[in-house]
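Asks: One file is attached below, model_10.cif, containing mmCIF, C-alpha atoms (C1' of nucleotides).
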```
data_start
loop_
_atom_site.label_atom_id
_atom_site.label_comp_id
_atom_site.auth_asym_id
_atom_site.auth_seq_id
_atom_site.Cartn_x
_atom_site.Cartn_y
_atom_site.Cartn_z
CA MET A 1 -112.43 -98.77 -76.37
CA PRO A 2 -114.27 -100.90 -73.82
CA ASP A 3 -116.21 -97.90 -72.61
CA LEU A 4 -118.01 -97.30 -75.89
CA GLU A 5 -121.04 -99.38 -75.10
CA ALA A 6 -121.22 -97.87 -71.68
CA GLN A 7 -121.04 -94.41 -73.18
CA ILE A 8 -123.83 -95.19 -75.64
CA ALA A 9 -125.98 -96.57 -72.84
CA TYR A 10 -125.26 -93.47 -70.83
CA LEU A 11 -126.26 -91.19 -73.70
CA ARG A 12 -129.39 -93.25 -74.32
CA GLU A 13 -130.34 -92.89 -70.73
CA ARG A 14 -129.71 -89.15 -70.78
CA MET A 15 -131.79 -88.72 -73.93
CA SER A 16 -134.78 -90.62 -72.65
CA ALA A 17 -134.50 -88.84 -69.35
CA ALA A 18 -134.64 -85.56 -71.24
CA ALA A 19 -137.65 -86.76 -73.17
CA ARG A 20 -139.36 -87.83 -69.92
CA ARG A 21 -138.59 -84.46 -68.42
CA ALA A 22 -140.05 -82.67 -71.46
CA ASP A 23 -143.19 -84.78 -71.32
CA ALA A 24 -143.56 -84.16 -67.61
CA GLU A 25 -143.15 -80.47 -68.22
CA MET A 26 -145.83 -80.57 -70.85
CA GLN A 27 -148.09 -82.49 -68.52
CA GLU A 28 -147.50 -80.01 -65.77
CA ARG A 29 -148.14 -77.13 -68.15
CA ARG A 30 -151.40 -78.72 -69.05
CA MET A 31 -152.42 -78.86 -65.40
CA ARG A 32 -151.14 -75.41 -64.56
CA ARG A 33 -152.61 -73.67 -67.57
CA PRO A 34 -155.25 -71.14 -66.64
CA PRO A 35 -158.47 -72.46 -68.11
CA PRO A 36 -159.12 -70.44 -71.26
CA GLN A 37 -161.84 -67.99 -70.45
CA GLY A 38 -164.35 -67.42 -73.15
CA LEU A 39 -162.34 -68.83 -76.01
CA SER A 40 -165.37 -70.51 -77.51
CA LEU A 41 -167.23 -67.22 -77.14
CA ALA A 42 -164.49 -65.18 -78.80
CA VAL A 43 -163.88 -67.87 -81.40
CA PRO A 44 -166.67 -70.33 -82.12
CA GLY A 45 -165.11 -73.77 -82.23
CA ARG A 46 -164.43 -76.88 -80.23
CA GLU A 47 -161.74 -78.99 -78.69
CA VAL A 48 -160.58 -81.78 -80.94
CA GLY A 49 -158.69 -84.87 -79.88
CA THR A 50 -156.07 -86.67 -81.94
CA PRO A 51 -153.62 -89.49 -81.22
CA ALA A 52 -151.18 -86.72 -80.31
CA GLY A 53 -153.36 -84.95 -77.75
CA VAL A 54 -155.94 -82.21 -78.00
CA HIS A 55 -156.17 -78.78 -79.60
CA TYR A 56 -158.82 -76.28 -80.66
CA GLU A 57 -160.46 -76.01 -84.07
CA SER A 58 -162.74 -73.49 -85.66
CA VAL A 59 -164.59 -73.90 -88.95
CA SER A 60 -166.19 -71.03 -90.82
CA VAL A 61 -167.89 -70.96 -94.18
CA MET A 62 -168.39 -68.17 -96.68
CA GLU A 63 -171.46 -68.67 -98.79
CA GLY A 64 -170.95 -68.57 -102.53
CA SER A 65 -173.34 -65.63 -102.77
CA ARG A 66 -171.08 -63.51 -100.55
CA ARG A 67 -168.56 -61.09 -101.93
CA HIS A 68 -165.06 -60.39 -100.70
CA GLY A 69 -164.59 -56.80 -101.75
CA ASN A 70 -165.66 -56.87 -105.36
CA PHE A 71 -164.90 -60.56 -105.80
CA GLU A 72 -167.76 -63.05 -105.87
CA ILE A 73 -166.94 -66.13 -103.82
CA SER A 74 -168.90 -68.37 -106.18
CA ARG A 75 -166.36 -67.63 -108.91
CA LEU A 76 -163.86 -69.83 -107.08
CA ALA A 77 -165.69 -73.08 -107.69
CA ALA A 78 -166.00 -72.24 -111.38
CA LEU A 79 -162.27 -71.89 -111.99
CA PRO A 80 -160.83 -74.31 -114.56
CA PRO A 81 -158.96 -77.34 -113.16
CA ASP A 82 -155.80 -76.60 -115.09
CA LEU A 83 -155.62 -72.99 -113.91
CA LEU A 84 -152.67 -73.63 -111.60
CA ALA A 85 -151.13 -76.44 -113.61
CA GLY A 86 -148.47 -74.32 -115.28
CA ILE A 87 -147.44 -72.05 -112.46
CA THR A 88 -146.75 -74.25 -109.46
CA GLU A 89 -143.39 -75.47 -108.37
CA GLY A 90 -143.37 -79.22 -108.78
CA GLU A 91 -145.63 -79.99 -111.73
CA ALA A 92 -149.19 -79.83 -110.51
CA PRO A 93 -151.65 -82.04 -112.32
CA ALA A 94 -154.85 -80.47 -113.55
CA ALA A 95 -156.92 -80.54 -110.39
CA PRO A 96 -160.28 -78.90 -109.65
CA PRO A 97 -160.37 -75.94 -107.23
CA GLU A 98 -161.87 -78.15 -104.53
CA THR A 99 -158.49 -79.86 -104.22
CA TRP A 100 -156.46 -76.68 -103.76
CA VAL A 101 -155.56 -75.76 -100.19
CA PHE A 102 -154.80 -72.19 -99.16
CA LEU A 103 -152.57 -71.93 -96.11
CA ASP A 104 -151.66 -69.10 -93.78
CA THR A 105 -150.21 -69.17 -90.28
CA GLU A 106 -150.07 -66.84 -87.32
CA THR A 107 -146.86 -67.24 -85.41
CA THR A 108 -145.08 -66.15 -82.28
CA GLY A 109 -142.76 -63.96 -84.30
CA LEU A 110 -141.01 -63.31 -87.54
CA ALA A 111 -137.63 -64.73 -86.62
CA GLY A 112 -136.85 -67.96 -88.37
CA GLY A 113 -134.99 -70.70 -86.58
CA SER A 114 -136.60 -73.03 -84.10
CA GLY A 115 -137.83 -70.61 -81.45
CA THR A 116 -140.87 -69.53 -83.45
CA CYS A 117 -143.98 -71.63 -83.74
CA ALA A 118 -147.25 -71.35 -85.60
CA PHE A 119 -149.91 -71.19 -82.91
CA LEU A 120 -152.65 -70.81 -85.51
CA ILE A 121 -152.70 -72.63 -88.83
CA GLY A 122 -155.53 -71.75 -91.19
CA LEU A 123 -156.49 -73.82 -94.21
CA GLY A 124 -158.91 -72.62 -96.86
CA ARG A 125 -160.76 -74.80 -99.28
CA VAL A 126 -163.09 -74.13 -102.17
CA THR A 127 -166.38 -75.98 -101.82
CA ALA A 128 -169.25 -76.49 -104.19
CA ASP A 129 -171.22 -73.74 -102.48
CA GLY A 130 -168.61 -71.37 -101.18
CA PHE A 131 -165.37 -71.26 -99.27
CA GLU A 132 -164.49 -73.06 -96.06
CA ILE A 133 -161.84 -72.06 -93.55
CA ARG A 134 -160.53 -74.49 -90.95
CA GLN A 135 -158.34 -73.07 -88.24
CA PHE A 136 -156.12 -75.23 -86.04
CA PHE A 137 -155.17 -73.53 -82.80
CA MET A 138 -152.95 -74.47 -79.91
CA ARG A 139 -154.32 -73.04 -76.70
CA ASP A 140 -150.92 -73.71 -75.17
CA PHE A 141 -147.60 -75.01 -76.38
CA CYS A 142 -148.46 -78.50 -75.18
CA GLU A 143 -151.15 -78.70 -77.87
CA GLU A 144 -148.78 -78.26 -80.78
CA ALA A 145 -148.30 -81.95 -81.58
CA SER A 146 -152.03 -82.49 -81.82
CA GLN A 147 -152.51 -79.37 -83.92
CA LEU A 148 -149.81 -80.46 -86.35
CA HIS A 149 -151.26 -83.94 -86.51
CA ALA A 150 -154.67 -82.59 -87.47
CA VAL A 151 -153.19 -80.32 -90.11
CA ARG A 152 -151.41 -83.27 -91.64
CA GLU A 153 -154.68 -85.16 -91.90
CA ALA A 154 -156.41 -82.15 -93.41
CA LEU A 155 -153.72 -81.88 -96.07
CA ALA A 156 -153.95 -85.54 -97.06
CA GLU A 157 -156.15 -84.94 -100.09
CA ALA A 158 -154.59 -81.66 -101.21
CA GLN A 159 -153.41 -81.52 -104.83
CA VAL A 160 -152.00 -77.99 -104.68
CA LEU A 161 -150.85 -75.85 -101.80
CA VAL A 162 -151.16 -72.07 -102.11
CA THR A 163 -149.47 -69.56 -99.81
CA TYR A 164 -148.28 -65.96 -99.73
CA ASN A 165 -144.54 -65.86 -99.14
CA GLY A 166 -144.96 -69.35 -97.78
CA LYS A 167 -141.87 -70.56 -99.58
CA SER A 168 -139.65 -68.60 -97.30
CA PHE A 169 -141.84 -68.21 -94.23
CA ASP A 170 -144.78 -70.52 -93.46
CA ILE A 171 -143.57 -73.77 -94.94
CA PRO A 172 -139.99 -73.81 -93.63
CA LEU A 173 -141.31 -72.79 -90.23
CA LEU A 174 -143.90 -75.55 -90.19
CA GLU A 175 -141.32 -78.05 -91.39
CA THR A 176 -139.16 -77.37 -88.37
CA ARG A 177 -142.22 -77.54 -86.12
CA TYR A 178 -143.03 -81.00 -87.47
CA ARG A 179 -139.44 -82.11 -86.99
CA MET A 180 -139.39 -80.73 -83.46
CA SER A 181 -142.34 -82.96 -82.62
CA ARG A 182 -140.61 -85.91 -84.31
CA ALA A 183 -143.01 -86.01 -87.23
CA ARG A 184 -142.44 -85.91 -90.97
CA PRO A 185 -143.63 -82.66 -92.60
CA PRO A 186 -146.66 -83.31 -94.81
CA PHE A 187 -145.67 -80.92 -97.60
CA GLY A 188 -143.09 -82.96 -99.41
CA SER A 189 -145.14 -84.19 -102.31
CA ILE A 190 -147.70 -81.39 -102.69
CA PRO A 191 -147.04 -78.97 -105.55
CA HIS A 192 -146.69 -75.52 -104.03
CA LEU A 193 -147.71 -72.16 -105.46
CA ASP A 194 -146.33 -69.11 -103.67
CA LEU A 195 -148.55 -66.32 -104.94
CA LEU A 196 -146.21 -63.56 -103.83
CA PHE A 197 -144.03 -63.72 -106.90
CA GLY A 198 -146.80 -63.79 -109.46
CA ALA A 199 -148.56 -60.94 -107.69
CA ARG A 200 -145.38 -58.90 -107.70
CA ARG A 201 -144.88 -59.42 -111.39
CA ILE A 202 -148.26 -57.92 -112.07
CA TRP A 203 -148.57 -55.11 -109.54
CA ARG A 204 -145.02 -54.15 -108.66
CA LEU A 205 -145.13 -51.05 -110.85
CA ARG A 206 -148.68 -50.01 -110.02
CA LEU A 207 -148.56 -50.33 -106.23
CA ASP A 208 -146.01 -49.15 -103.72
CA SER A 209 -146.26 -52.45 -101.91
CA CYS A 210 -147.43 -55.95 -102.77
CA ARG A 211 -148.23 -57.07 -99.25
CA LEU A 212 -151.29 -59.24 -99.04
CA THR A 213 -153.37 -56.64 -97.19
CA GLU A 214 -152.42 -54.02 -99.75
CA LEU A 215 -153.61 -56.23 -102.61
CA GLU A 216 -156.75 -56.94 -100.65
CA THR A 217 -157.72 -53.28 -100.58
CA GLN A 218 -156.28 -52.13 -103.90
CA ILE A 219 -157.12 -55.10 -106.09
CA LEU A 220 -160.06 -56.81 -104.41
CA GLY A 221 -161.49 -53.60 -103.01
CA HIS A 222 -162.05 -54.98 -99.52
CA GLU A 223 -161.70 -52.71 -96.50
CA ARG A 224 -160.98 -54.33 -93.16
CA ASP A 225 -162.38 -52.77 -90.05
CA ASP A 226 -160.80 -53.39 -86.66
CA ASP A 227 -158.00 -55.44 -88.16
CA ILE A 228 -155.23 -56.38 -85.79
CA PRO A 229 -151.87 -55.45 -87.35
CA GLY A 230 -149.57 -58.40 -87.90
CA GLU A 231 -146.86 -57.13 -85.61
CA LEU A 232 -149.22 -57.17 -82.62
CA ILE A 233 -150.23 -60.78 -83.11
CA PRO A 234 -147.35 -62.47 -81.23
CA LYS A 235 -147.98 -60.33 -78.16
CA ALA A 236 -151.71 -60.98 -78.33
CA TYR A 237 -151.02 -64.71 -78.26
CA PHE A 238 -148.51 -64.53 -75.42
CA ASP A 239 -151.02 -62.54 -73.40
CA PHE A 240 -153.66 -65.17 -74.05
CA VAL A 241 -151.40 -68.03 -73.00
CA ARG A 242 -150.36 -66.20 -69.84
CA THR A 243 -153.77 -64.99 -68.70
CA GLY A 244 -156.17 -67.34 -70.43
CA ARG A 245 -158.26 -64.36 -71.48
CA ALA A 246 -159.41 -64.95 -75.05
CA GLY A 247 -160.52 -61.42 -75.88
CA LYS A 248 -157.77 -60.67 -78.35
CA MET A 249 -157.93 -64.04 -80.08
CA GLY A 250 -161.11 -63.16 -81.98
CA PRO A 251 -159.36 -60.50 -84.09
CA VAL A 252 -156.42 -62.82 -84.63
CA PHE A 253 -158.62 -65.60 -86.02
CA LEU A 254 -160.44 -63.07 -88.16
CA HIS A 255 -157.16 -61.67 -89.47
CA ASN A 256 -156.03 -65.17 -90.40
CA ALA A 257 -159.34 -66.00 -92.08
CA LEU A 258 -159.33 -62.79 -94.12
CA ASP A 259 -155.77 -63.43 -95.26
CA ILE A 260 -156.86 -66.84 -96.51
CA VAL A 261 -159.94 -65.60 -98.33
CA SER A 262 -157.92 -62.84 -99.97
CA LEU A 263 -155.28 -65.35 -100.92
CA ALA A 264 -157.87 -67.51 -102.64
CA CYS A 265 -159.46 -64.62 -104.53
CA LEU A 266 -156.09 -63.25 -105.58
CA THR A 267 -155.04 -66.68 -106.77
CA ALA A 268 -157.95 -66.57 -109.19
CA VAL A 269 -156.95 -63.12 -110.40
CA VAL A 270 -153.23 -63.74 -110.72
CA ALA A 271 -153.60 -67.11 -112.40
CA SER A 272 -156.13 -65.71 -114.87
CA VAL A 273 -153.77 -62.87 -115.80
CA PHE A 274 -150.99 -65.32 -116.51
CA ARG A 275 -153.33 -67.62 -118.35
CA ASP A 276 -154.09 -65.16 -121.12
CA GLY A 277 -150.89 -63.17 -120.96
CA GLY A 278 -152.66 -60.25 -119.35
CA ARG A 279 -154.80 -59.03 -122.22
CA ALA A 280 -158.29 -59.51 -120.83
CA GLU A 281 -157.71 -59.08 -117.12
CA LEU A 282 -155.61 -55.97 -116.83
CA ARG A 283 -156.82 -52.36 -116.61
CA HIS A 284 -154.02 -50.11 -115.45
CA ALA A 285 -151.25 -48.98 -117.74
CA ALA A 286 -148.59 -49.86 -115.16
CA GLU A 287 -149.90 -53.43 -115.06
CA PHE A 288 -149.43 -53.72 -118.81
CA VAL A 289 -145.85 -52.55 -118.46
CA ALA A 290 -145.09 -55.00 -115.68
CA MET A 291 -146.59 -57.93 -117.55
CA GLY A 292 -144.90 -56.82 -120.74
CA ARG A 293 -141.53 -56.88 -119.06
CA TRP A 294 -142.18 -60.35 -117.76
CA LEU A 295 -143.26 -61.61 -121.19
CA ARG A 296 -140.16 -60.08 -122.73
CA GLN A 297 -137.97 -61.73 -120.16
CA ALA A 298 -139.75 -65.02 -120.89
CA GLY A 299 -138.89 -64.62 -124.57
CA ARG A 300 -142.47 -63.88 -125.64
CA LEU A 301 -141.55 -60.74 -127.54
CA GLY A 302 -144.67 -60.45 -129.67
CA GLU A 303 -146.92 -60.41 -126.65
CA ALA A 304 -144.58 -58.08 -124.80
CA ARG A 305 -144.78 -55.60 -127.67
CA GLU A 306 -148.56 -55.82 -127.64
CA LEU A 307 -148.72 -54.98 -123.91
CA PHE A 308 -146.15 -52.19 -124.13
CA ARG A 309 -148.10 -50.59 -126.96
CA GLU A 310 -151.29 -50.92 -124.93
CA ALA A 311 -149.59 -49.33 -121.93
CA VAL A 312 -148.43 -46.37 -123.99
CA ARG A 313 -151.92 -45.96 -125.44
CA ARG A 314 -153.33 -45.68 -121.93
CA ASN A 315 -152.36 -43.00 -119.49
CA LEU A 316 -148.93 -44.13 -118.44
CA ARG A 317 -147.33 -42.04 -115.76
CA GLU A 318 -144.32 -40.15 -116.95
CA ASP A 319 -141.59 -42.04 -115.12
CA LEU A 320 -142.78 -45.22 -116.82
CA LEU A 321 -143.74 -43.75 -120.17
CA PHE A 322 -140.27 -42.86 -121.47
CA ARG A 323 -138.69 -46.03 -120.18
CA THR A 324 -141.43 -48.08 -121.80
CA LEU A 325 -141.05 -46.28 -125.12
CA TRP A 326 -137.33 -47.01 -124.96
CA ASP A 327 -137.98 -50.69 -124.25
CA LEU A 328 -140.67 -50.86 -126.91
CA ALA A 329 -138.24 -49.53 -129.51
CA ALA A 330 -135.76 -52.27 -128.61
CA ILE A 331 -138.46 -54.90 -129.08
CA GLU A 332 -139.57 -53.42 -132.38
CA ARG A 333 -136.02 -53.80 -133.60
CA LYS A 334 -135.72 -57.38 -132.43
CA LEU A 335 -138.97 -58.14 -134.22
CA HIS A 336 -137.54 -56.62 -137.39
CA ALA A 337 -139.58 -53.44 -137.40
CA PRO A 338 -136.76 -50.89 -137.48
CA ASP A 339 -138.98 -48.15 -138.82
CA ALA A 340 -141.26 -48.37 -135.79
CA ALA A 341 -138.18 -48.22 -133.60
CA VAL A 342 -136.76 -45.18 -135.37
CA SER A 343 -140.02 -43.34 -135.03
CA ILE A 344 -139.97 -43.96 -131.27
CA TYR A 345 -136.35 -42.85 -131.03
CA ALA A 346 -137.29 -39.67 -132.86
CA ASP A 347 -140.01 -38.99 -130.30
CA LEU A 348 -137.65 -39.65 -127.42
CA ALA A 349 -134.99 -37.42 -128.93
CA SER A 350 -137.34 -34.49 -129.28
CA CYS A 351 -138.30 -33.89 -125.68
CA PRO A 352 -136.49 -33.85 -122.35
CA ASN A 353 -136.36 -37.29 -120.73
CA ALA A 354 -133.94 -39.80 -119.31
CA HIS A 355 -133.41 -41.56 -122.67
CA ARG A 356 -133.13 -38.51 -124.87
CA ARG A 357 -129.38 -38.75 -125.36
CA ASP A 358 -129.39 -42.51 -125.91
CA ALA A 359 -132.18 -42.11 -128.45
CA MET A 360 -130.05 -39.58 -130.34
CA ILE A 361 -127.21 -42.09 -130.40
CA GLU A 362 -129.54 -44.76 -131.76
CA LEU A 363 -130.64 -42.33 -134.45
CA ALA A 364 -127.01 -41.61 -135.27
CA LYS A 365 -126.40 -45.35 -135.70
CA HIS A 366 -129.50 -45.63 -137.81
CA TYR A 367 -128.49 -42.87 -140.17
CA GLU A 368 -124.89 -44.09 -140.40
CA HIS A 369 -125.51 -47.77 -141.02
CA ARG A 370 -129.01 -48.11 -142.39
CA GLU A 371 -129.72 -44.89 -144.23
CA ARG A 372 -126.07 -44.18 -144.92
CA ASN A 373 -126.83 -40.55 -144.37
CA LEU A 374 -123.63 -39.31 -142.76
CA PRO A 375 -124.67 -35.68 -142.29
CA MET A 376 -127.76 -36.76 -140.35
CA ALA A 377 -125.71 -39.20 -138.31
CA LEU A 378 -123.27 -36.44 -137.55
CA ALA A 379 -126.06 -34.05 -136.64
CA PHE A 380 -127.53 -36.44 -134.05
CA THR A 381 -124.08 -37.18 -132.72
CA GLU A 382 -123.51 -33.49 -132.11
CA GLU A 383 -126.93 -33.10 -130.52
CA ALA A 384 -126.13 -35.93 -128.15
CA ARG A 385 -122.74 -34.38 -127.37
CA ALA A 386 -124.47 -31.14 -126.55
CA LEU A 387 -126.47 -32.92 -123.85
CA ALA A 388 -123.45 -34.75 -122.47
CA ASP A 389 -120.17 -35.36 -124.21
CA ASP A 390 -117.91 -38.35 -123.69
CA ALA A 391 -115.09 -40.27 -125.35
CA ASP A 392 -117.42 -42.65 -127.20
CA LEU A 393 -119.30 -39.80 -128.82
CA ARG A 394 -116.12 -37.97 -129.73
CA ARG A 395 -114.84 -41.12 -131.41
CA ARG A 396 -118.14 -41.49 -133.24
CA ARG A 397 -117.85 -37.93 -134.45
CA GLU A 398 -114.26 -38.41 -135.65
CA ARG A 399 -115.19 -41.53 -137.55
CA LEU A 400 -118.16 -39.87 -139.22
CA LEU A 401 -116.09 -36.85 -140.17
CA ALA A 402 -113.39 -39.06 -141.64
CA ARG A 403 -115.85 -41.10 -143.64
CA ALA A 404 -117.66 -38.05 -144.86
CA GLY A 405 -114.35 -36.61 -146.03
CA GLN A 406 -113.27 -39.84 -147.76
CA ASN A 407 -116.55 -40.18 -149.61
CA GLY A 408 -116.07 -36.82 -151.17
CA ALA A 409 -119.22 -35.58 -149.56
CA PRO A 410 -119.27 -31.95 -148.56
CA ARG A 411 -117.32 -31.66 -145.36
CA LEU A 412 -119.38 -30.66 -142.42
CA GLU A 413 -118.01 -28.68 -139.56
CA PHE A 414 -119.55 -28.34 -136.16
"C1'" DG B 1 -106.06 -59.02 -143.10
"C1'" DA B 2 -106.68 -55.69 -139.27
"C1'" DA B 3 -109.66 -52.78 -136.88
"C1'" DC B 4 -113.93 -51.51 -135.72
"C1'" DC B 5 -118.95 -51.64 -134.90
"C1'" DA B 6 -123.40 -53.51 -133.55
"C1'" DC B 7 -125.75 -57.00 -131.44
"C1'" DA B 8 -127.17 -61.34 -129.10
"C1'" DC B 9 -126.63 -64.37 -125.46
"C1'" DG B 10 -125.20 -66.14 -120.94
"C1'" DA B 11 -123.31 -65.86 -116.55
"C1'" DT B 12 -123.07 -63.33 -112.37
"C1'" DA B 13 -123.83 -60.06 -108.65
"C1'" DA B 14 -126.35 -56.81 -106.15
"C1'" DG B 15 -130.55 -55.10 -104.30
"C1'" DA B 16 -135.35 -55.20 -102.96
"C1'" DT B 17 -139.27 -57.30 -100.83
"C1'" DT B 18 -142.43 -60.29 -98.08
"C1'" DT B 19 -143.95 -63.08 -93.93
"C1'" DT B 20 -145.63 -62.43 -87.77
"C1'" DA C 1 -134.77 -60.58 -87.42
"C1'" DA C 2 -134.08 -65.15 -91.42
"C1'" DA C 3 -134.60 -66.97 -95.87
"C1'" DA C 4 -136.06 -67.27 -100.64
"C1'" DT C 5 -136.87 -65.71 -104.47
"C1'" DC C 6 -137.21 -62.28 -108.44
"C1'" DT C 7 -135.44 -58.12 -111.23
"C1'" DT C 8 -132.16 -55.48 -113.13
"C1'" DA C 9 -127.76 -54.09 -114.38
"C1'" DT C 10 -123.37 -55.23 -115.90
"C1'" DC C 11 -119.91 -57.75 -117.83
"C1'" DG C 12 -117.49 -60.89 -121.21
"C1'" DT C 13 -117.60 -63.55 -125.44
"C1'" DG C 14 -118.74 -64.88 -129.96
"C1'" DT C 15 -120.60 -63.60 -134.50
"C1'" DG C 16 -121.34 -61.22 -138.62
"C1'" DG C 17 -120.61 -57.38 -141.32
"C1'" DT C 18 -118.17 -53.13 -143.01
"C1'" DT C 19 -114.34 -50.06 -143.85
"C1'" DC C 20 -109.75 -49.06 -144.86
#
```
Translate this structure into structure tokens?
Replies:
Amino acid sequence: MPDLEAQIAYLRERMSAAARRADAEMQERRMRRPPPQGLSLAVPGREVGTPAGVHYESVSVMEGSRRHGNFEISRLAALPPDLLAGITEGEAPAAPPETWVFLDTETTGLAGGSGTCAFLIGLGRVTADGFEIRQFFMRDFCEEASQLHAVREALAEAQVLVTYNGKSFDIPLLETRYRMSRARPPFGSIPHLDLLFGARRIWRLRLDSCRLTELETQILGHERDDDIPGELIPKAYFDFVRTGRAGKMGPVFLHNALDIVSLACLTAVVASVFRDGGRAELRHAAEFVAMGRWLRQAGRLGEARELFREAVRRNLREDLLFRTLWDLAAIERKLHAPDAAVSIYADLASCPNAHRRDAMIELAKHYEHRERNLPMALAFTEEARALADDADLRRRRERLLARAGQNGAPRLEF
DNA sequence: GAACCACACGATAAGATTTT
DNA sequence: AAAATCTTATCGTGTGGTTC
């Protein structure tokens, strides 16, 4: 294959030609770009240069005395260093809040793959006297390399990275952006907490949706005015790049900043709930149920029982109440409190609800095997059959009748 | 010893949800 | 529209105990 070297040389030449063409295109773009009009008026900030070019950065600070909804910003700096230690992916060391970085991006779309890029990357940081947001913006696609470079530098000291759905959206997207500009993604070694899943565990049953903006209003009590909806953001950016008019970028930066502040405040809330198993932080009955289910699933049955009982004590909406009583009974049994379970089954069997029939069956088992009271077992079996008969129940009835007959007990007919 | 019952545990699959 | 979880339900399978 004498041509191999020639082929390699040919490919090399083609590749570098392509790279030259891409660079030239970038250069030309830079020249052709309409000068951004009023960007620094719409978004206070400045042009920043890096070894990879230039981009635009904006820094804003929230004083510790400010509130975000009902959340005091100064609480952030007071959070314990080990707050996130147990709940990140990739063992986070105990690290003070000042070393956590909250990340959120605004992108040119929702589609994954390589066609989407993050034109705005916002990083939030807890400071001694408040909360600081740094936003890295590409005024045009030719500024991406510089923007990514600056973000890498800003992440250098981060001990924990916090996002909302970042595990499946922001981080993979940024990773491909770094690779596209022939750079290594800076996330590899940073322990990552995706708050979405913890938030869902807590509020799934209380709220219809666990989107970040929903938690912001429902949990933090913050109302946004003039917020730009997420789905309009890609178009706003394309318009800016095409026309250079910065009018719509102000709301986009604000949207990004608010997402980051909310993310930070919610991190404090979610992590605190998990820290004490939910007892001190929770208020709503549905939250107790959700946390109880999680504790049960994690094998912490004693705590799960405690939260289920608390949920039932509070005003639990009906669709959750009966299901929770049913689950609570199962836990009582596992924790060797069969009497508590039976009393719950009796309640469930005495009023119309989704578990009424199953509760009757549990009572039938109880009376057959524990109390050895065959007439009672038979009675509950028949009650259950009256609600809905099936082969299992008929077999149960036959067995009970046979045993009752064999024992010489008075034969019962139904 | 055979048949049955109740229960615990683990694997697995399906479905739902979030991000711009 | 793409990808990554998390929940929940649903199966087997093994165990221990009881009844005939």
Asks: Go ahead and compute the interatomic distance for CA of Leu325 (chain A) and CA of Arg201 (chain A), in Å to one decimal.
Replies: 19.4 Å
Asks: Evaluate the PyMOL selection byres ((chain C) within 7 of (chain A)) here and jot the selected residues down as a list in words.
Replies: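 Expected selection for the PyMOL selection byres ((chain C) within 7 of (chain A)) here is DA1, DA2, DA3 and DA4 of chain C.
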Asks: Return as JSON lines the residues of chain B lying at most 12 Å from chain A, together with the closest atom-to-atom pair for each and the distance in Å to one decimal, counting all atoms listed in the file, with rows in chain order and ascending residue number.
Replies:
```
{"residue": "B:DC4", "atom": "C1'", "partner": "A:Arg399", "partner_atom": "CA", "distance": 10.2}
{"residue": "B:DC5", "atom": "C1'", "partner": "A:His369", "partner_atom": "CA", "distance": 9.8}
{"residue": "B:DA6", "atom": "C1'", "partner": "A:Lys365", "partner_atom": "CA", "distance": 9.0}
{"residue": "B:DC7", "atom": "C1'", "partner": "A:Lys334", "partner_atom": "CA", "distance": 10.0}
{"residue": "B:DA8", "atom": "C1'", "partner": "A:Lys334", "partner_atom": "CA", "distance": 10.0}
{"residue": "B:DA16", "atom": "C1'", "partner": "A:Arg204", "partner_atom": "CA", "distance": 11.3}
{"residue": "B:DT17", "atom": "C1'", "partner": "A:Cys210", "partner_atom": "CA", "distance": 8.5}
{"residue": "B:DT18", "atom": "C1'", "partner": "A:Asn165", "partner_atom": "CA", "distance": 6.0}
{"residue": "B:DT19", "atom": "C1'", "partner": "A:Phe169", "partner_atom": "CA", "distance": 5.6}
{"residue": "B:DT20", "atom": "C1'", "partner": "A:Leu110", "partner_atom": "CA", "distance": 4.7}
```
Asks: Need to verify the contact set: region 384-390 of chain A, 10 Å, all atoms listed in the file, exclusion of same-chain residues closer than 6 positions in sequence. Can you return it as JSON, numbers by chain?
Replies: {"A": [349, 356, 357, 358, 359, 360, 361, 364, 378, 397]}
Asks: May I ask for the distance between CA of Glu332 (chain A) and CA of Gly278 (chain A), given in Å to one decimal place?
Replies: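 Computing the Euclidean distance for CA of Glu332 (chain A) and CA of Gly278 (chain A) yields 19.7 Å.
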Asks: For the structure provided, state which residues fall under the PyMOL selection byres ((chain C and resi 14) around 10), and present them as a PyMOL selection string.
Replies: (chain B and resi 8-9) or (chain C and resi 12-13+15-16)
Asks: Please, what distance in Å, to one decimal, runs between CA of Phe187 (chain A) and CA of Arg125 (chain A)?
Replies: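 Atom-to-atom, CA of Phe187 (chain A) to CA of Arg125 (chain A), that is 16.4 Å.
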Asks: On this file, the PyMOL selection byres ((chain B and resi 12) around 12) gives some set of residues; write that set as a PyMOL selection string.
Replies: (chain B and resi 10-11+13-14) or (chain C and resi 9-12)
Asks: Of the candidates A:Leu123, A:Ile202, A:Leu320, A:Ala271, which one gets nearest to His355 (chain A) if we count only C-alpha atoms?
Replies: A:Leu320
Asks: For each of A:Val126, A:Val269, A:Ala402, A:Leu120, take the minimum atom-to-atom distance to DC20 (chain C), counting all atoms listed in the file, then give the residue where this is smallest.
Replies: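 Distance minimum relative to DC20 (chain C) lands on A:Ala402.
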Asks: Would you give the centre and edge lengths, in Å to one decimal, of a box along x, y and z around the listed atoms of region 2-15 of chain B, with 3 Å added to each side, as JSON?
Replies:
```
{"center_x": -118.6, "center_y": -58.8, "center_z": -121.8, "size_x": 29.9, "size_y": 20.6, "size_z": 41.0}
```
Asks: At a cut-off of 10 Å, using only C-alpha atoms (C1' of nucleotides), what residues contact Ile228 (chain A)? Leave out same-chain residues fewer than 5 positions from it and give the result as a list in words.
Replies: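 With the cut-off at 10 Å, the set is Ile233, Ala236, Lys248, Met249, Gly250, Pro251, Val252, Phe253, Leu254, His255 and Asn256 of chain A.
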